[in-house]
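Visitor: What follows is a single structure, and I will ask about it in a moment.
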Amino acid sequence: MKSTYMMTAVASVLVAGSLPTAAAAEDLTLCWAAWDPANALVELSKDFEVQSGHKMSFEFVPWTSFADRMLNELNSGGQLCDLMIGDSQWIGGGAENGHYVKLNEFFDANDIDMADFIPATVTGYAEWPKNTPNYYALPAFGDVVGWTYRKDWFERPEIQEAFQTKYGRKLGEPATLEELKDIAQFFQGREIDGTTVYGAAIYTERGSEGITMGVTNALYNYGFQYENPDKPYDLEGFVNSKGAVSGLEFYKELYETATPPGSSNWYMSEDIDAYKSGQVALQMNFAFIWPGVEADPNVGGGKSGYFVNPKGPAGHFAQLGGQGISVVAYSEKQDAALEYIKWFAQPEIQSRWWELGGYSALRAVVEDPGFVDSQPYAQTFLDSMAIVKDFWAEPAYADLLLSMQERVHNFVVAGEGTAEEALDSLVKDWTEVFEDEGKL
């Protein structure tokens, strides 16, 4: 049941007055990834067209080629995109390379306060350098890796009994990564309704960012750190700490003992398909999928549950996803693009965004008393966003990512070498990148 405040938000959008038009009617193009939230944004943006007189066009690119396509567009100074919802890791390059318009003066002039947004999304999507009040984006879509599970399977008495007998505890949402592995291994190869099912769908994809976005959910919680907290770009003993080695070994064991056959190159869409088709009991994925899970006739309507990435022996974190929305510096329609930012930042628009399946980062939305009851996954989203950690947002992020993809995939999936060797090699790779960047 939707909360009263959500219904009120819809009404507010419908009766909202027109935006003051600071520019003649323009055709604006917004660039983003091709996924369900993008479709929701198209619907949401119809309100902006009515209020402003501008016409919105959209360029959506599949995630597997999104970074290559859009970073090439930015690096070439292309004018395809007036607005860019760029990945969180792009903010450093967007700022330092002059791809994004700095928004501080615009925010000040239009009473847009970054304190009104979830702090982690401001740091992750908007700031460069990190933890400084220099803003190149407005938080647009809060996202984080979490877990979906077959609640209806968990609740079956015969499955409960079998799990209790084997592990001496009740089958339920895991509190730790070890408990998660137990559950995934328990379901691996089990027969349910005459079909053999498997434990978990996890990220293993090699070509873009998939396995990095997956393995970090174990690495962080076993003690991996990107750098020495007291000395930037000092990697030795942090990236390849004993805890980090254990975390990488954990992820490999989870892959080898509790995932479906043929899942050596899976990312978001493959995990979704495996879960919705009834192949797996658990699914690792970004929170953006949860509205689709709820609406699915096979796994929705109370058949699924949601939980935060479990803690490990050295911490409790989850990999940040999500994006900020920026005005592209090469656009000739910046005034109109800024109007869109101002419109999108309004509380009533942000409430409607959540209702349509977008993940608002506005505190007025997520801290509303009715928010946690507005969707079955709302509380899990809030709890997850409170423990996020992100990948490098350095201008050289793409080179850093390529190295991690290679080293981690070679160990976890291809079975090459040891975890310690993989992380030692990663330290060498990243050190070379930072040396080339003049950081060392």
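Residue numbering restarts at 1 in every chain; chains get A, B, ... in the order shown in the structure tokens, and ligands count up from 1 in that same order.
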Which residues, written as a PyMOL selection string, have at least one atom at most 8 Å from Asn134 in chain A, with only C-alpha atoms counted and residues fewer than 2 positions away on the same chain left out?
Guide: chain A and resi 102-104+126-129+132+136
Visitor: Just write the chosen residues, all heavy atoms, as a PDB file, in the first residue's frame.
Guide:
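Final output, again24.pdb:
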ATOM      1  N   LYS A 102      30.767  23.211 -13.369  1.00  0.00           N
ATOM      2  CA  LYS A 102      30.727  23.322 -11.913  1.00  0.00           C
ATOM      3  C   LYS A 102      29.432  24.018 -11.510  1.00  0.00           C
ATOM      4  O   LYS A 102      29.059  25.050 -12.093  1.00  0.00           O
ATOM      5  CB  LYS A 102      31.936  24.101 -11.387  1.00  0.00           C
ATOM      6  CG  LYS A 102      32.063  24.046  -9.870  1.00  0.00           C
ATOM      7  CD  LYS A 102      33.366  24.693  -9.394  1.00  0.00           C
ATOM      8  CE  LYS A 102      33.500  24.561  -7.875  1.00  0.00           C
ATOM      9  NZ  LYS A 102      34.754  25.182  -7.383  1.00  0.00           N
ATOM     10  N   LEU A 103      28.748  23.477 -10.504  1.00  0.00           N
ATOM     11  CA  LEU A 103      27.378  23.891 -10.200  1.00  0.00           C
ATOM     12  C   LEU A 103      27.225  24.717  -8.937  1.00  0.00           C
ATOM     13  O   LEU A 103      26.096  25.077  -8.580  1.00  0.00           O
ATOM     14  CB  LEU A 103      26.492  22.636 -10.102  1.00  0.00           C
ATOM     15  CG  LEU A 103      26.384  21.807 -11.389  1.00  0.00           C
ATOM     16  CD1 LEU A 103      25.591  20.533 -11.125  1.00  0.00           C
ATOM     17  CD2 LEU A 103      25.729  22.612 -12.506  1.00  0.00           C
ATOM     18  N   ASN A 104      28.300  25.041  -8.273  1.00  0.00           N
ATOM     19  CA  ASN A 104      28.181  25.741  -6.989  1.00  0.00           C
ATOM     20  C   ASN A 104      27.375  27.023  -7.075  1.00  0.00           C
ATOM     21  O   ASN A 104      26.455  27.259  -6.276  1.00  0.00           O
ATOM     22  CB  ASN A 104      29.568  26.038  -6.428  1.00  0.00           C
ATOM     23  CG  ASN A 104      30.255  24.808  -5.907  1.00  0.00           C
ATOM     24  OD1 ASN A 104      30.491  23.869  -6.652  1.00  0.00           O
ATOM     25  ND2 ASN A 104      30.592  24.801  -4.622  1.00  0.00           N
ATOM     26  N   ALA A 126      28.662  13.767  -6.494  1.00  0.00           N
ATOM     27  CA  ALA A 126      28.676  15.201  -6.802  1.00  0.00           C
ATOM     28  C   ALA A 126      30.008  15.890  -6.565  1.00  0.00           C
ATOM     29  O   ALA A 126      30.331  16.861  -7.256  1.00  0.00           O
ATOM     30  CB  ALA A 126      27.592  15.905  -5.968  1.00  0.00           C
ATOM     31  N   GLU A 127      30.784  15.446  -5.600  1.00  0.00           N
ATOM     32  CA  GLU A 127      31.963  16.186  -5.142  1.00  0.00           C
ATOM     33  C   GLU A 127      33.249  15.801  -5.863  1.00  0.00           C
ATOM     34  O   GLU A 127      33.505  14.621  -6.112  1.00  0.00           O
ATOM     35  CB  GLU A 127      32.197  15.928  -3.644  1.00  0.00           C
ATOM     36  CG  GLU A 127      31.154  16.493  -2.723  1.00  0.00           C
ATOM     37  CD  GLU A 127      31.448  16.153  -1.269  1.00  0.00           C
ATOM     38  OE1 GLU A 127      32.338  15.318  -0.996  1.00  0.00           O
ATOM     39  OE2 GLU A 127      30.762  16.713  -0.399  1.00  0.00           O
ATOM     40  N   TRP A 128      34.044  16.800  -6.152  1.00  0.00           N
ATOM     41  CA  TRP A 128      35.434  16.574  -6.521  1.00  0.00           C
ATOM     42  C   TRP A 128      36.254  17.825  -6.225  1.00  0.00           C
ATOM     43  O   TRP A 128      35.858  18.907  -6.644  1.00  0.00           O
ATOM     44  CB  TRP A 128      35.611  16.200  -8.001  1.00  0.00           C
ATOM     45  CG  TRP A 128      37.022  15.733  -8.230  1.00  0.00           C
ATOM     46  CD1 TRP A 128      38.064  16.450  -8.739  1.00  0.00           C
ATOM     47  CD2 TRP A 128      37.537  14.443  -7.875  1.00  0.00           C
ATOM     48  NE1 TRP A 128      39.206  15.691  -8.749  1.00  0.00           N
ATOM     49  CE2 TRP A 128      38.907  14.456  -8.228  1.00  0.00           C
ATOM     50  CE3 TRP A 128      36.995  13.302  -7.311  1.00  0.00           C
ATOM     51  CZ2 TRP A 128      39.733  13.350  -8.010  1.00  0.00           C
ATOM     52  CZ3 TRP A 128      37.818  12.214  -7.118  1.00  0.00           C
ATOM     53  CH2 TRP A 128      39.170  12.237  -7.468  1.00  0.00           C
ATOM     54  N   PRO A 129      37.378  17.692  -5.508  1.00  0.00           N
ATOM     55  CA  PRO A 129      37.856  16.481  -4.825  1.00  0.00           C
ATOM     56  C   PRO A 129      36.864  16.010  -3.747  1.00  0.00           C
ATOM     57  O   PRO A 129      36.051  16.795  -3.270  1.00  0.00           O
ATOM     58  CB  PRO A 129      39.182  16.931  -4.196  1.00  0.00           C
ATOM     59  CG  PRO A 129      39.604  18.149  -4.971  1.00  0.00           C
ATOM     60  CD  PRO A 129      38.312  18.825  -5.334  1.00  0.00           C
ATOM     61  N   THR A 132      35.129  17.820  -0.342  1.00  0.00           N
ATOM     62  CA  THR A 132      35.261  19.276  -0.474  1.00  0.00           C
ATOM     63  C   THR A 132      33.958  19.797  -1.073  1.00  0.00           C
ATOM     64  O   THR A 132      33.303  19.093  -1.848  1.00  0.00           O
ATOM     65  CB  THR A 132      36.429  19.676  -1.385  1.00  0.00           C
ATOM     66  OG1 THR A 132      36.133  19.308  -2.747  1.00  0.00           O
ATOM     67  CG2 THR A 132      37.722  19.014  -0.941  1.00  0.00           C
ATOM     68  N   TYR A 136      29.867  19.065  -9.070  1.00  0.00           N
ATOM     69  CA  TYR A 136      29.779  18.946 -10.522  1.00  0.00           C
ATOM     70  C   TYR A 136      28.580  18.111 -10.951  1.00  0.00           C
ATOM     71  O   TYR A 136      28.446  17.792 -12.128  1.00  0.00           O
ATOM     72  CB  TYR A 136      31.076  18.328 -11.063  1.00  0.00           C
ATOM     73  CG  TYR A 136      32.269  19.230 -10.868  1.00  0.00           C
ATOM     74  CD1 TYR A 136      32.993  19.230  -9.678  1.00  0.00           C
ATOM     75  CD2 TYR A 136      32.655  20.118 -11.867  1.00  0.00           C
ATOM     76  CE1 TYR A 136      34.076  20.073  -9.494  1.00  0.00           C
ATOM     77  CE2 TYR A 136      33.746  20.966 -11.693  1.00  0.00           C
ATOM     78  CZ  TYR A 136      34.447  20.944 -10.500  1.00  0.00           C
ATOM     79  OH  TYR A 136      35.516  21.784 -10.314  1.00  0.00           O
TER      80      TYR A 136
END
Visitor: Neighbouring residues of Tyr397 in chain A were defined as those with any atom within 9 Å, considering only C-alpha atoms; residues of the same chain fewer than 4 positions away were excluded. Please report them as a list of chain:residue names.
Guide: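 Skipping anything fewer than 4 positions along the chain leaves A:Gln89, A:Trp90, A:Gly92, A:Gly93, A:Phe391, A:Trp392, A:Ala393, A:Leu401, A:Leu402.
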Visitor: Counting only C-alpha atoms, which residue out of A:Gly315, A:Val327, A:Gly358, A:Ser241 sits closest to Glu339 in chain A?
Guide: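 Ranked by minimum distance to Glu339 in chain A, first place goes to A:Val327.
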Visitor: Give me, as JSON lines, each residue of range 217-251 of chain A that comes within 12 Å of range 191-202 of chain A, together with its shortest interatomic pair and the distance in Å at one decimal, counting only C-alpha atoms, with rows ordered by chain and rising residue number.
Guide:
{"residue": "A:Asn217", "atom": "CA", "partner": "A:Ile202", "partner_atom": "CA", "distance": 10.6}
{"residue": "A:Ala218", "atom": "CA", "partner": "A:Ile202", "partner_atom": "CA", "distance": 11.5}
{"residue": "A:Tyr251", "atom": "CA", "partner": "A:Ile202", "partner_atom": "CA", "distance": 9.3}
Visitor: Quick one: residues within 7 Å of range 63-75 of chain A, only C-alpha atoms, excluding same-chain residues fewer than 5 positions away - as a list in words?
Guide: Ala33, Ala34, His99 and Ser208 of chain A
Visitor: So that I have them on file, write out the residues from the current selection with all heavy atoms, as an mmCIF file, in the first residue's frame.
Guide:
data_model
loop_
_atom_site.group_PDB
_atom_site.id
_atom_site.type_symbol
_atom_site.label_atom_id
_atom_site.label_comp_id
_atom_site.auth_asym_id
_atom_site.auth_seq_id
_atom_site.Cartn_x
_atom_site.Cartn_y
_atom_site.Cartn_z
ATOM 1 N N ALA A 33 22.347 5.299 -19.030
ATOM 2 C CA ALA A 33 22.359 3.874 -19.365
ATOM 3 C C ALA A 33 20.948 3.413 -19.740
ATOM 4 O O ALA A 33 19.949 4.014 -19.327
ATOM 5 C CB ALA A 33 22.886 3.066 -18.189
ATOM 6 N N ALA A 34 20.886 2.322 -20.508
ATOM 7 C CA ALA A 34 19.608 1.735 -20.896
ATOM 8 C C ALA A 34 19.207 0.701 -19.856
ATOM 9 O O ALA A 34 19.740 -0.413 -19.832
ATOM 10 C CB ALA A 34 19.722 1.095 -22.283
ATOM 11 N N HIS A 99 34.834 18.346 -18.375
ATOM 12 C CA HIS A 99 33.669 17.807 -19.079
ATOM 13 C C HIS A 99 32.359 18.305 -18.473
ATOM 14 O O HIS A 99 31.363 18.439 -19.186
ATOM 15 C CB HIS A 99 33.661 16.284 -19.027
ATOM 16 C CG HIS A 99 34.850 15.634 -19.654
ATOM 17 N ND1 HIS A 99 35.482 16.143 -20.773
ATOM 18 C CD2 HIS A 99 35.529 14.495 -19.327
ATOM 19 C CE1 HIS A 99 36.492 15.357 -21.102
ATOM 20 N NE2 HIS A 99 36.541 14.355 -20.244
ATOM 21 N N SER A 208 33.408 -5.258 -18.541
ATOM 22 C CA SER A 208 33.200 -3.861 -18.157
ATOM 23 C C SER A 208 33.603 -3.630 -16.703
ATOM 24 O O SER A 208 34.752 -3.298 -16.417
ATOM 25 C CB SER A 208 31.758 -3.431 -18.419
ATOM 26 O OG SER A 208 30.827 -4.209 -17.662
#
Visitor: With only C-alpha atoms as the counted atoms, please give the residues lying no more than 12 Å from Lys276 in chain A, apart from itself and same-chain residues fewer than 4 positions off, as a list in words.
Guide: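 The residues satisfying every condition are Thr148, Tyr149, Arg150, Ala201, Ser269, Glu270, Asp271, Ile272, Val280, Ala281, Leu282, Gln283, Ile289, Trp290, Gly292, Val293, Glu294, Ala295, Asp296, Pro297, Asn298, Val299, Gly300, Lys303 and Ser304 of chain A.
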Visitor: Filtering to N, CA and C atoms, could you give me those residues as a PDB file, in the first residue's frame?
Guide:
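Wrote selection29.pdb, looks like this:
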ATOM      1  N   THR A 148      18.673 -10.121  -3.000  1.00  0.00           N
ATOM      2  CA  THR A 148      17.282 -10.550  -3.116  1.00  0.00           C
ATOM      3  C   THR A 148      17.234 -12.053  -2.834  1.00  0.00           C
ATOM      4  N   TYR A 149      16.198 -12.521  -2.172  1.00  0.00           N
ATOM      5  CA  TYR A 149      16.128 -13.958  -1.896  1.00  0.00           C
ATOM      6  C   TYR A 149      14.703 -14.468  -2.017  1.00  0.00           C
ATOM      7  N   ARG A 150      14.601 -15.763  -2.275  1.00  0.00           N
ATOM      8  CA  ARG A 150      13.308 -16.406  -2.417  1.00  0.00           C
ATOM      9  C   ARG A 150      12.698 -16.656  -1.044  1.00  0.00           C
ATOM     10  N   ALA A 201      23.263 -16.087  -7.604  1.00  0.00           N
ATOM     11  CA  ALA A 201      23.751 -15.409  -8.797  1.00  0.00           C
ATOM     12  C   ALA A 201      24.590 -14.223  -8.321  1.00  0.00           C
ATOM     13  N   SER A 269      22.059  -8.117 -15.750  1.00  0.00           N
ATOM     14  CA  SER A 269      20.946  -8.732 -16.476  1.00  0.00           C
ATOM     15  C   SER A 269      20.933 -10.242 -16.328  1.00  0.00           C
ATOM     16  N   GLU A 270      22.102 -10.874 -16.339  1.00  0.00           N
ATOM     17  CA  GLU A 270      22.149 -12.324 -16.172  1.00  0.00           C
ATOM     18  C   GLU A 270      21.673 -12.745 -14.788  1.00  0.00           C
ATOM     19  N   ASP A 271      22.050 -11.970 -13.769  1.00  0.00           N
ATOM     20  CA  ASP A 271      21.586 -12.284 -12.416  1.00  0.00           C
ATOM     21  C   ASP A 271      20.072 -12.137 -12.313  1.00  0.00           C
ATOM     22  N   ILE A 272      19.549 -11.069 -12.911  1.00  0.00           N
ATOM     23  CA  ILE A 272      18.098 -10.870 -12.905  1.00  0.00           C
ATOM     24  C   ILE A 272      17.393 -12.055 -13.567  1.00  0.00           C
ATOM     25  N   VAL A 280      17.881 -19.660  -8.975  1.00  0.00           N
ATOM     26  CA  VAL A 280      18.689 -19.434  -7.782  1.00  0.00           C
ATOM     27  C   VAL A 280      17.840 -18.969  -6.609  1.00  0.00           C
ATOM     28  N   ALA A 281      18.365 -19.236  -5.404  1.00  0.00           N
ATOM     29  CA  ALA A 281      17.695 -18.806  -4.176  1.00  0.00           C
ATOM     30  C   ALA A 281      18.063 -17.386  -3.794  1.00  0.00           C
ATOM     31  N   LEU A 282      19.256 -16.961  -4.192  1.00  0.00           N
ATOM     32  CA  LEU A 282      19.785 -15.645  -3.825  1.00  0.00           C
ATOM     33  C   LEU A 282      20.279 -14.925  -5.066  1.00  0.00           C
ATOM     34  N   GLN A 283      20.170 -13.626  -5.034  1.00  0.00           N
ATOM     35  CA  GLN A 283      20.693 -12.818  -6.129  1.00  0.00           C
ATOM     36  C   GLN A 283      21.422 -11.596  -5.588  1.00  0.00           C
ATOM     37  N   ILE A 289      16.977  -3.037  -9.266  1.00  0.00           N
ATOM     38  CA  ILE A 289      16.160  -4.149  -9.786  1.00  0.00           C
ATOM     39  C   ILE A 289      14.934  -4.426  -8.933  1.00  0.00           C
ATOM     40  N   TRP A 290      14.897  -3.932  -7.711  1.00  0.00           N
ATOM     41  CA  TRP A 290      13.860  -4.359  -6.782  1.00  0.00           C
ATOM     42  C   TRP A 290      12.435  -4.014  -7.222  1.00  0.00           C
ATOM     43  N   GLY A 292      11.305  -4.079 -10.195  1.00  0.00           N
ATOM     44  CA  GLY A 292      10.989  -5.101 -11.183  1.00  0.00           C
ATOM     45  C   GLY A 292      10.749  -6.460 -10.569  1.00  0.00           C
ATOM     46  N   VAL A 293      11.481  -6.771  -9.498  1.00  0.00           N
ATOM     47  CA  VAL A 293      11.255  -8.031  -8.785  1.00  0.00           C
ATOM     48  C   VAL A 293       9.851  -8.042  -8.193  1.00  0.00           C
ATOM     49  N   GLU A 294       9.470  -6.958  -7.551  1.00  0.00           N
ATOM     50  CA  GLU A 294       8.146  -6.885  -6.924  1.00  0.00           C
ATOM     51  C   GLU A 294       7.018  -7.032  -7.937  1.00  0.00           C
ATOM     52  N   ALA A 295       7.254  -6.529  -9.143  1.00  0.00           N
ATOM     53  CA  ALA A 295       6.205  -6.561 -10.163  1.00  0.00           C
ATOM     54  C   ALA A 295       6.189  -7.864 -10.951  1.00  0.00           C
ATOM     55  N   ASP A 296       7.188  -8.709 -10.774  1.00  0.00           N
ATOM     56  CA  ASP A 296       7.301  -9.917 -11.572  1.00  0.00           C
ATOM     57  C   ASP A 296       6.276 -10.973 -11.130  1.00  0.00           C
ATOM     58  N   PRO A 297       5.568 -11.591 -12.070  1.00  0.00           N
ATOM     59  CA  PRO A 297       4.541 -12.567 -11.679  1.00  0.00           C
ATOM     60  C   PRO A 297       5.105 -13.833 -11.046  1.00  0.00           C
ATOM     61  N   ASN A 298       6.353 -14.154 -11.306  1.00  0.00           N
ATOM     62  CA  ASN A 298       6.939 -15.381 -10.772  1.00  0.00           C
ATOM     63  C   ASN A 298       7.565 -15.197  -9.392  1.00  0.00           C
ATOM     64  N   VAL A 299       8.197 -14.060  -9.152  1.00  0.00           N
ATOM     65  CA  VAL A 299       8.940 -13.889  -7.901  1.00  0.00           C
ATOM     66  C   VAL A 299       8.473 -12.692  -7.078  1.00  0.00           C
ATOM     67  N   GLY A 300       7.502 -11.934  -7.570  1.00  0.00           N
ATOM     68  CA  GLY A 300       7.022 -10.757  -6.849  1.00  0.00           C
ATOM     69  C   GLY A 300       5.848 -11.059  -5.942  1.00  0.00           C
ATOM     70  N   LYS A 303       6.774 -12.987  -2.668  1.00  0.00           N
ATOM     71  CA  LYS A 303       7.606 -14.189  -2.786  1.00  0.00           C
ATOM     72  C   LYS A 303       9.086 -13.906  -2.544  1.00  0.00           C
ATOM     73  N   SER A 304       9.473 -12.638  -2.649  1.00  0.00           N
ATOM     74  CA  SER A 304      10.878 -12.263  -2.490  1.00  0.00           C
ATOM     75  C   SER A 304      11.086 -11.382  -1.267  1.00  0.00           C
TER      76      SER A 304
END
